[in-house]
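Here's work-v8.txt, which has compact mmCIF, C-alpha atoms and all ligand atoms:
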```
# COMPACT_ATOMS: atom_id res chain seq x y z
CA MET Q 99 -16.95 6.32 -25.21
CA THR Q 100 -18.25 9.83 -25.90
CA ASP Q 101 -20.09 10.12 -22.57
CA CYS Q 102 -17.13 9.04 -20.42
CA LEU Q 103 -15.47 11.81 -18.38
CA PHE Q 104 -12.00 10.25 -18.51
CA CYS Q 105 -12.23 9.52 -22.26
CA LYS Q 106 -12.88 13.25 -22.65
CA MET Q 107 -9.61 13.91 -20.80
CA VAL Q 108 -7.83 11.55 -23.20
CA SER Q 109 -9.34 13.21 -26.29
CA GLY Q 110 -8.63 16.71 -24.96
CA GLU Q 111 -12.31 17.71 -24.91
CA ILE Q 112 -11.73 18.37 -21.20
CA GLU Q 113 -8.25 19.54 -20.26
CA PRO Q 114 -6.92 17.79 -17.16
CA ASP Q 115 -4.10 19.03 -14.90
CA LYS Q 116 -1.73 16.58 -16.56
CA VAL Q 117 1.31 15.21 -14.74
CA TYR Q 118 2.33 12.34 -17.05
CA GLU Q 119 1.50 10.96 -20.48
CA ASP Q 120 2.83 8.22 -22.72
CA ASP Q 121 1.44 6.25 -25.64
CA GLN Q 122 -0.99 4.22 -23.51
CA VAL Q 123 -1.41 6.06 -20.23
CA LEU Q 124 -2.46 9.51 -18.97
CA ALA Q 125 -2.12 10.85 -15.41
CA PHE Q 126 -3.64 14.01 -13.94
CA ARG Q 127 -4.40 15.57 -10.56
CA ASP Q 128 -7.62 14.53 -8.83
CA ILE Q 129 -10.14 17.40 -8.65
CA ASN Q 130 -10.85 16.57 -4.98
CA PRO Q 131 -7.44 15.63 -3.56
CA GLN Q 132 -7.32 13.40 -0.49
CA ALA Q 133 -3.58 13.88 0.06
CA PRO Q 134 -0.95 16.51 -0.84
CA LEU Q 135 -0.28 14.46 -3.98
CA HIS Q 136 -3.39 12.79 -5.44
CA VAL Q 137 -3.06 11.72 -9.05
CA LEU Q 138 -5.27 9.49 -11.19
CA VAL Q 139 -3.47 7.22 -13.66
CA ILE Q 140 -5.76 6.04 -16.46
CA PRO Q 141 -5.38 3.94 -19.59
CA LYS Q 142 -6.13 5.83 -22.81
CA GLU Q 143 -8.29 2.87 -23.79
CA HIS Q 144 -11.77 2.87 -22.25
CA ILE Q 145 -12.08 -0.01 -19.78
CA ALA Q 146 -15.10 0.42 -17.50
CA THR Q 147 -14.09 -1.58 -14.42
CA LEU Q 148 -11.37 -3.94 -13.22
CA ASN Q 149 -13.80 -6.75 -14.09
CA ASP Q 150 -13.28 -5.83 -17.75
CA VAL Q 151 -9.49 -6.23 -17.66
CA ASP Q 152 -8.44 -9.22 -19.76
CA ASP Q 153 -5.24 -10.87 -20.99
CA THR Q 154 -4.73 -8.18 -23.64
CA HIS Q 155 -4.45 -5.55 -20.89
CA ARG Q 156 -1.62 -7.10 -18.89
CA LEU Q 157 1.11 -4.79 -20.17
CA LEU Q 158 -1.21 -1.80 -19.99
CA VAL Q 159 -1.99 -2.33 -16.31
CA GLY Q 160 1.72 -2.79 -15.63
CA GLN Q 161 2.39 0.48 -17.44
CA MET Q 162 -0.17 2.23 -15.19
CA VAL Q 163 1.55 0.91 -12.06
CA GLN Q 164 4.98 1.90 -13.37
CA ALA Q 165 3.68 5.38 -14.25
CA ALA Q 166 2.39 5.82 -10.69
CA ALA Q 167 5.74 4.79 -9.21
CA SER Q 168 7.65 7.15 -11.49
CA ILE Q 169 5.31 10.08 -10.68
CA ALA Q 170 5.88 9.44 -6.96
CA ALA Q 171 9.64 9.29 -7.52
CA ARG Q 172 9.62 12.50 -9.55
CA ALA Q 173 7.73 14.19 -6.67
CA GLY Q 174 10.41 12.93 -4.25
CA MET Q 175 7.88 10.75 -2.43
CA ASP Q 176 9.15 7.30 -3.32
CA GLY Q 177 11.27 6.96 -0.20
CA SER Q 178 8.62 8.25 2.24
CA GLY Q 179 6.03 6.11 0.48
CA TYR Q 180 2.63 6.30 -1.11
CA ARG Q 181 -0.57 4.36 -1.64
CA THR Q 182 -2.13 3.12 -4.88
CA ILE Q 183 -5.78 2.14 -5.07
CA MET Q 184 -8.17 0.87 -7.74
CA ASN Q 185 -11.82 0.91 -6.72
CA CYS Q 186 -14.26 -1.48 -8.39
CA ASN Q 187 -18.03 -1.01 -8.55
CA ALA Q 188 -20.34 0.06 -5.71
CA ASP Q 189 -18.75 -1.63 -2.70
CA GLY Q 190 -15.29 -0.55 -3.85
CA GLY Q 191 -16.47 3.05 -4.07
CA GLN Q 192 -16.00 3.44 -7.82
CA THR Q 193 -17.72 6.58 -9.13
CA VAL Q 194 -16.09 7.02 -12.55
CA PHE Q 195 -16.47 3.99 -14.80
CA HIS Q 196 -13.16 4.17 -16.67
CA ILE Q 197 -10.52 2.37 -14.66
CA HIS Q 198 -8.04 4.53 -12.79
CA LEU Q 199 -5.24 4.01 -10.31
CA HIS Q 200 -5.27 6.51 -7.46
CA LEU Q 201 -1.79 7.60 -6.36
CA LEU Q 202 -1.86 9.20 -2.89
CA ALA Q 203 1.25 10.57 -1.21
CA GLY Q 204 2.52 13.27 1.10
CA ARG Q 205 0.84 12.16 4.33
CA ARG Q 206 0.67 9.03 6.48
CA MET Q 207 -2.13 6.75 5.27
CA HIS Q 208 -4.38 4.81 7.62
CA TRP Q 209 -5.14 1.10 7.60
CA PRO Q 210 -7.66 -0.41 7.29
CA PRO Q 211 -9.16 2.05 4.79
CA GLY Q 212 -12.73 3.21 5.40
P1 LIG E 1 -13.40 6.58 -7.85
O1 LIG E 1 -14.34 7.03 -6.76
O2 LIG E 1 -14.15 6.18 -9.10
O3 LIG E 1 -12.40 5.57 -7.44
O4 LIG E 1 -12.54 7.87 -8.19
C1 LIG E 1 -12.96 8.87 -9.05
C2 LIG E 1 -12.10 10.06 -8.78
O5 LIG E 1 -12.27 10.98 -9.85
C3 LIG E 1 -12.48 10.81 -7.49
O6 LIG E 1 -11.35 10.84 -6.62
C4 LIG E 1 -12.88 12.19 -7.98
O7 LIG E 1 -12.47 13.23 -7.11
C5 LIG E 1 -12.20 12.27 -9.34
N1 LIG E 1 -12.90 13.13 -10.28
C6 LIG E 1 -14.23 13.18 -10.53
N2 LIG E 1 -14.49 14.09 -11.47
C7 LIG E 1 -13.29 14.65 -11.83
C8 LIG E 1 -12.92 15.65 -12.75
O8 LIG E 1 -13.74 16.24 -13.46
N3 LIG E 1 -11.60 15.94 -12.84
C9 LIG E 1 -10.66 15.32 -12.07
N4 LIG E 1 -9.39 15.69 -12.24
N5 LIG E 1 -10.97 14.35 -11.19
C10 LIG E 1 -12.27 14.02 -11.08
ZN ZN E 2 -13.64 6.15 -20.79
```
As a first step, turn the structure in this file into structure tokens.
Ligand code: 5GP
Ligand code: ZN
Amino acid sequence: MTDCLFCKMVSGEIEPDKVYEDDQVLAFRDINPQAPLHVLVIPKEHIATLNDVDDTHRLLVGQMVQAAASIAARAGMDGSGYRTIMNCNADGGQTVFHIHLHLLAGRRMHWPPG
């Protein structure tokens, strides 16, 4: 997807503030952080929304979740805790149409979310 912002991060056309990378997953700091630690974990494969996740993506989505947990642990925020979020489409507040897991940590989160 040449016009996708996050695909451009994967290809290196845009250089993200990278915090983690493996064969399938990339993670970088959010440009507009909502917590002291705000990282986006994305699959290298372009998947537009959670509605497009299928059986072939099961391991990939697990790898994203595991990456988020290990980033939180590396930052020393696993014990204090963190929040992970995936927004889908308009009502979910999705603005970038390449799936991403938000990892937020370093402050007390509120519930219910806005
Ligand atoms: P969504 O609203 O789709 O769940 O989340 C998209 C996230 O991408 C937002 O938190 C937004 O701040 C972040 N974002 C948008 N453009 C950029 C960018 O160019 N670089 C980075 N690092 N994050 C971005
Ligand atoms: Zn993409």
Review point. Out of Q:Val108, Q:Ile140, Q:Val163, Q:Met184, which residue has the shortest atom-to-atom distance to ligand LIG 1 (chain E) when counting only C-alpha atoms and all ligand atoms?
Key: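 Among the listed residues, the smallest separation from ligand LIG 1 (chain E) belongs to Q:Met184.
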Check your understanding: At what distance in Å, to one decimal, does CA of Ile169 (chain Q) lie from atom O4 of ligand LIG 1 (chain E)?
Key -> 18.2 Å
**Study point:** Length of the CA of Arg206 (chain Q) to CA of Ala171 (chain Q) vector [Å]
**Key:** 16.6 Å
Point to revise | Within 7 Å of ligand ZN 2 (chain E) (only C-alpha atoms and all ligand atoms), residues as a PyMOL selection string | key: chain Q and resi 99+102-105+143-146+195-196
Mind checking which residues fall within 10 Å of region 185-193 of chain Q, counting only C-alpha atoms, ignoring those fewer than 6 positions away in the same chain, and posting them as a compact mmCIF listing (two decimals) with C-alpha atoms, in the coordinates of the input?
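Ended up saving to result32.txt:
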```
# COMPACT_ATOMS: atom_id res chain seq x y z
CA ALA Q 146 -15.10 0.42 -17.50
CA THR Q 147 -14.09 -1.58 -14.42
CA LEU Q 148 -11.37 -3.94 -13.22
CA ASN Q 149 -13.80 -6.75 -14.09
CA LEU Q 199 -5.24 4.01 -10.31
CA HIS Q 200 -5.27 6.51 -7.46
```
Near-Val117 (chain Q) list (10 Å; all atoms listed in the file; drop same-chain fewer than 3 positions) as a PDB file with C-alpha atoms, in the frame of the given file:
```pdb
ATOM      1  CA  PRO Q 114      -6.920  17.790 -17.160  1.00  0.00           C
ATOM      2  CA  LEU Q 124      -2.460   9.510 -18.970  1.00  0.00           C
ATOM      3  CA  ALA Q 125      -2.120  10.850 -15.410  1.00  0.00           C
ATOM      4  CA  PHE Q 126      -3.640  14.010 -13.940  1.00  0.00           C
ATOM      5  CA  ARG Q 127      -4.400  15.570 -10.560  1.00  0.00           C
ATOM      6  CA  VAL Q 137      -3.060  11.720  -9.050  1.00  0.00           C
ATOM      7  CA  LEU Q 138      -5.270   9.490 -11.190  1.00  0.00           C
ATOM      8  CA  VAL Q 139      -3.470   7.220 -13.660  1.00  0.00           C
ATOM      9  CA  ILE Q 169       5.310  10.080 -10.680  1.00  0.00           C
TER      10      ILE Q 169
END
```
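In this model, the gap between CA of Ser109 (chain Q) and atom C6 of ligand LIG 1 (chain E) comes to 16.5 Å.
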**Study point:** Distance criterion (only C-alpha atoms and all ligand atoms): nearest to ligand LIG 1 (chain E) out of Q:Gln164, Q:Thr182, Q:Gln122, Q:Thr100
**Key:** Q:Thr182
Exercise for review: Can you work out which one of Q:Leu202, Q:Met207, Q:Ala165, Q:Ile197 has the shortest atom-to-atom distance to Val151 (chain Q), counting all atoms listed in the file?
Suggested key: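 Selected residue with least distance to Val151 (chain Q): Q:Ile197.
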Go ahead and fit an axis-aligned box to every listed atom of region 177-192 of chain Q plus 5 Å each side, and pass me the centre and edge lengths in Å, one decimal, as AutoDock Vina command-line options.
```
--center_x -4.5 --center_y 3.3 --center_z -3.2 --size_x 41.6 --size_y 19.9 --size_z 20.8
```
Review point. Taking into account only C-alpha atoms, which residue in the set Q:His136, Q:Asp101, Q:Val194, Q:Thr154 is nearest to Lys116 (chain Q)?
Key: Q:His136
**Study point:** Minimum-distance residue to ligand LIG 1 (chain E), chosen among Q:Leu201, Q:Ile129, Q:Leu135, Q:Ala170 (using only C-alpha atoms and all ligand atoms)
**Key:**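 Closest to ligand LIG 1 (chain E), using only C-alpha atoms and all ligand atoms: Q:Ile129.
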As a compact mmCIF listing (two decimals), keeping the file's coordinate frame, the rebuilt region 145-156 of chain Q with all heavy atoms:
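Writing the result to result.txt gives the following:
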```
# COMPACT_ATOMS: atom_id res chain seq x y z
N ILE Q 145 -11.78 1.27 -20.45
CA ILE Q 145 -12.08 -0.01 -19.78
C ILE Q 145 -12.93 0.40 -18.57
O ILE Q 145 -12.50 1.21 -17.75
CB ILE Q 145 -10.78 -0.71 -19.30
CG1 ILE Q 145 -9.82 -0.95 -20.47
CG2 ILE Q 145 -11.11 -2.02 -18.60
CD1 ILE Q 145 -8.41 -1.38 -20.05
N ALA Q 146 -14.15 -0.11 -18.48
CA ALA Q 146 -15.10 0.42 -17.50
C ALA Q 146 -14.72 0.08 -16.05
O ALA Q 146 -14.75 0.95 -15.18
CB ALA Q 146 -16.50 -0.09 -17.82
N THR Q 147 -14.41 -1.17 -15.79
CA THR Q 147 -14.09 -1.58 -14.42
C THR Q 147 -12.95 -2.61 -14.46
O THR Q 147 -12.63 -3.16 -15.52
CB THR Q 147 -15.30 -2.25 -13.70
OG1 THR Q 147 -15.44 -3.60 -14.15
CG2 THR Q 147 -16.59 -1.47 -13.92
N LEU Q 148 -12.42 -2.91 -13.28
CA LEU Q 148 -11.37 -3.94 -13.22
C LEU Q 148 -11.89 -5.29 -13.71
O LEU Q 148 -11.12 -6.11 -14.18
CB LEU Q 148 -10.88 -4.09 -11.77
CG LEU Q 148 -9.70 -3.22 -11.34
CD1 LEU Q 148 -9.29 -3.57 -9.92
CD2 LEU Q 148 -8.51 -3.40 -12.27
N ASN Q 149 -13.21 -5.49 -13.60
CA ASN Q 149 -13.80 -6.75 -14.09
C ASN Q 149 -13.66 -6.90 -15.60
O ASN Q 149 -13.84 -8.00 -16.13
CB ASN Q 149 -15.28 -6.82 -13.72
CG ASN Q 149 -15.51 -6.86 -12.23
OD1 ASN Q 149 -14.66 -7.34 -11.49
ND2 ASN Q 149 -16.65 -6.35 -11.78
N ASP Q 150 -13.39 -5.80 -16.28
CA ASP Q 150 -13.28 -5.83 -17.75
C ASP Q 150 -11.83 -5.95 -18.23
O ASP Q 150 -11.58 -5.93 -19.43
CB ASP Q 150 -13.92 -4.56 -18.33
CG ASP Q 150 -15.37 -4.45 -17.91
OD1 ASP Q 150 -16.14 -5.39 -18.20
OD2 ASP Q 150 -15.73 -3.46 -17.24
N VAL Q 151 -10.89 -6.04 -17.29
CA VAL Q 151 -9.49 -6.23 -17.66
C VAL Q 151 -9.29 -7.68 -18.10
O VAL Q 151 -9.73 -8.61 -17.41
CB VAL Q 151 -8.57 -5.89 -16.46
CG1 VAL Q 151 -7.13 -6.32 -16.72
CG2 VAL Q 151 -8.62 -4.39 -16.16
N ASP Q 152 -8.67 -7.86 -19.26
CA ASP Q 152 -8.44 -9.22 -19.76
C ASP Q 152 -6.96 -9.41 -20.10
O ASP Q 152 -6.14 -8.52 -19.86
CB ASP Q 152 -9.37 -9.54 -20.94
CG ASP Q 152 -9.10 -8.65 -22.15
OD1 ASP Q 152 -7.94 -8.22 -22.34
OD2 ASP Q 152 -10.06 -8.39 -22.91
N ASP Q 153 -6.64 -10.54 -20.70
CA ASP Q 153 -5.24 -10.87 -20.99
C ASP Q 153 -4.56 -9.84 -21.88
O ASP Q 153 -3.35 -9.66 -21.81
CB ASP Q 153 -5.16 -12.24 -21.67
CG ASP Q 153 -5.45 -13.37 -20.69
OD1 ASP Q 153 -5.60 -13.08 -19.49
OD2 ASP Q 153 -5.54 -14.52 -21.14
N THR Q 154 -5.34 -9.16 -22.73
CA THR Q 154 -4.73 -8.18 -23.64
C THR Q 154 -4.31 -6.91 -22.90
O THR Q 154 -3.63 -6.07 -23.46
CB THR Q 154 -5.71 -7.79 -24.77
OG1 THR Q 154 -6.79 -7.02 -24.21
CG2 THR Q 154 -6.25 -8.99 -25.50
N HIS Q 155 -4.74 -6.77 -21.64
CA HIS Q 155 -4.45 -5.55 -20.89
C HIS Q 155 -3.30 -5.71 -19.90
O HIS Q 155 -3.02 -4.80 -19.13
CB HIS Q 155 -5.70 -5.12 -20.11
CG HIS Q 155 -6.88 -4.80 -20.97
ND1 HIS Q 155 -8.12 -5.39 -20.81
CD2 HIS Q 155 -7.00 -3.95 -22.02
CE1 HIS Q 155 -8.95 -4.92 -21.71
NE2 HIS Q 155 -8.31 -4.05 -22.47
N ARG Q 156 -2.64 -6.85 -19.92
CA ARG Q 156 -1.62 -7.10 -18.89
C ARG Q 156 -0.50 -6.06 -18.90
O ARG Q 156 -0.12 -5.53 -17.86
CB ARG Q 156 -1.02 -8.49 -19.07
CG ARG Q 156 -1.99 -9.57 -18.63
CD ARG Q 156 -1.36 -10.93 -18.78
NE ARG Q 156 -2.27 -11.95 -18.30
CZ ARG Q 156 -2.00 -13.23 -18.33
NH1 ARG Q 156 -0.85 -13.66 -18.83
NH2 ARG Q 156 -2.86 -14.10 -17.87
```
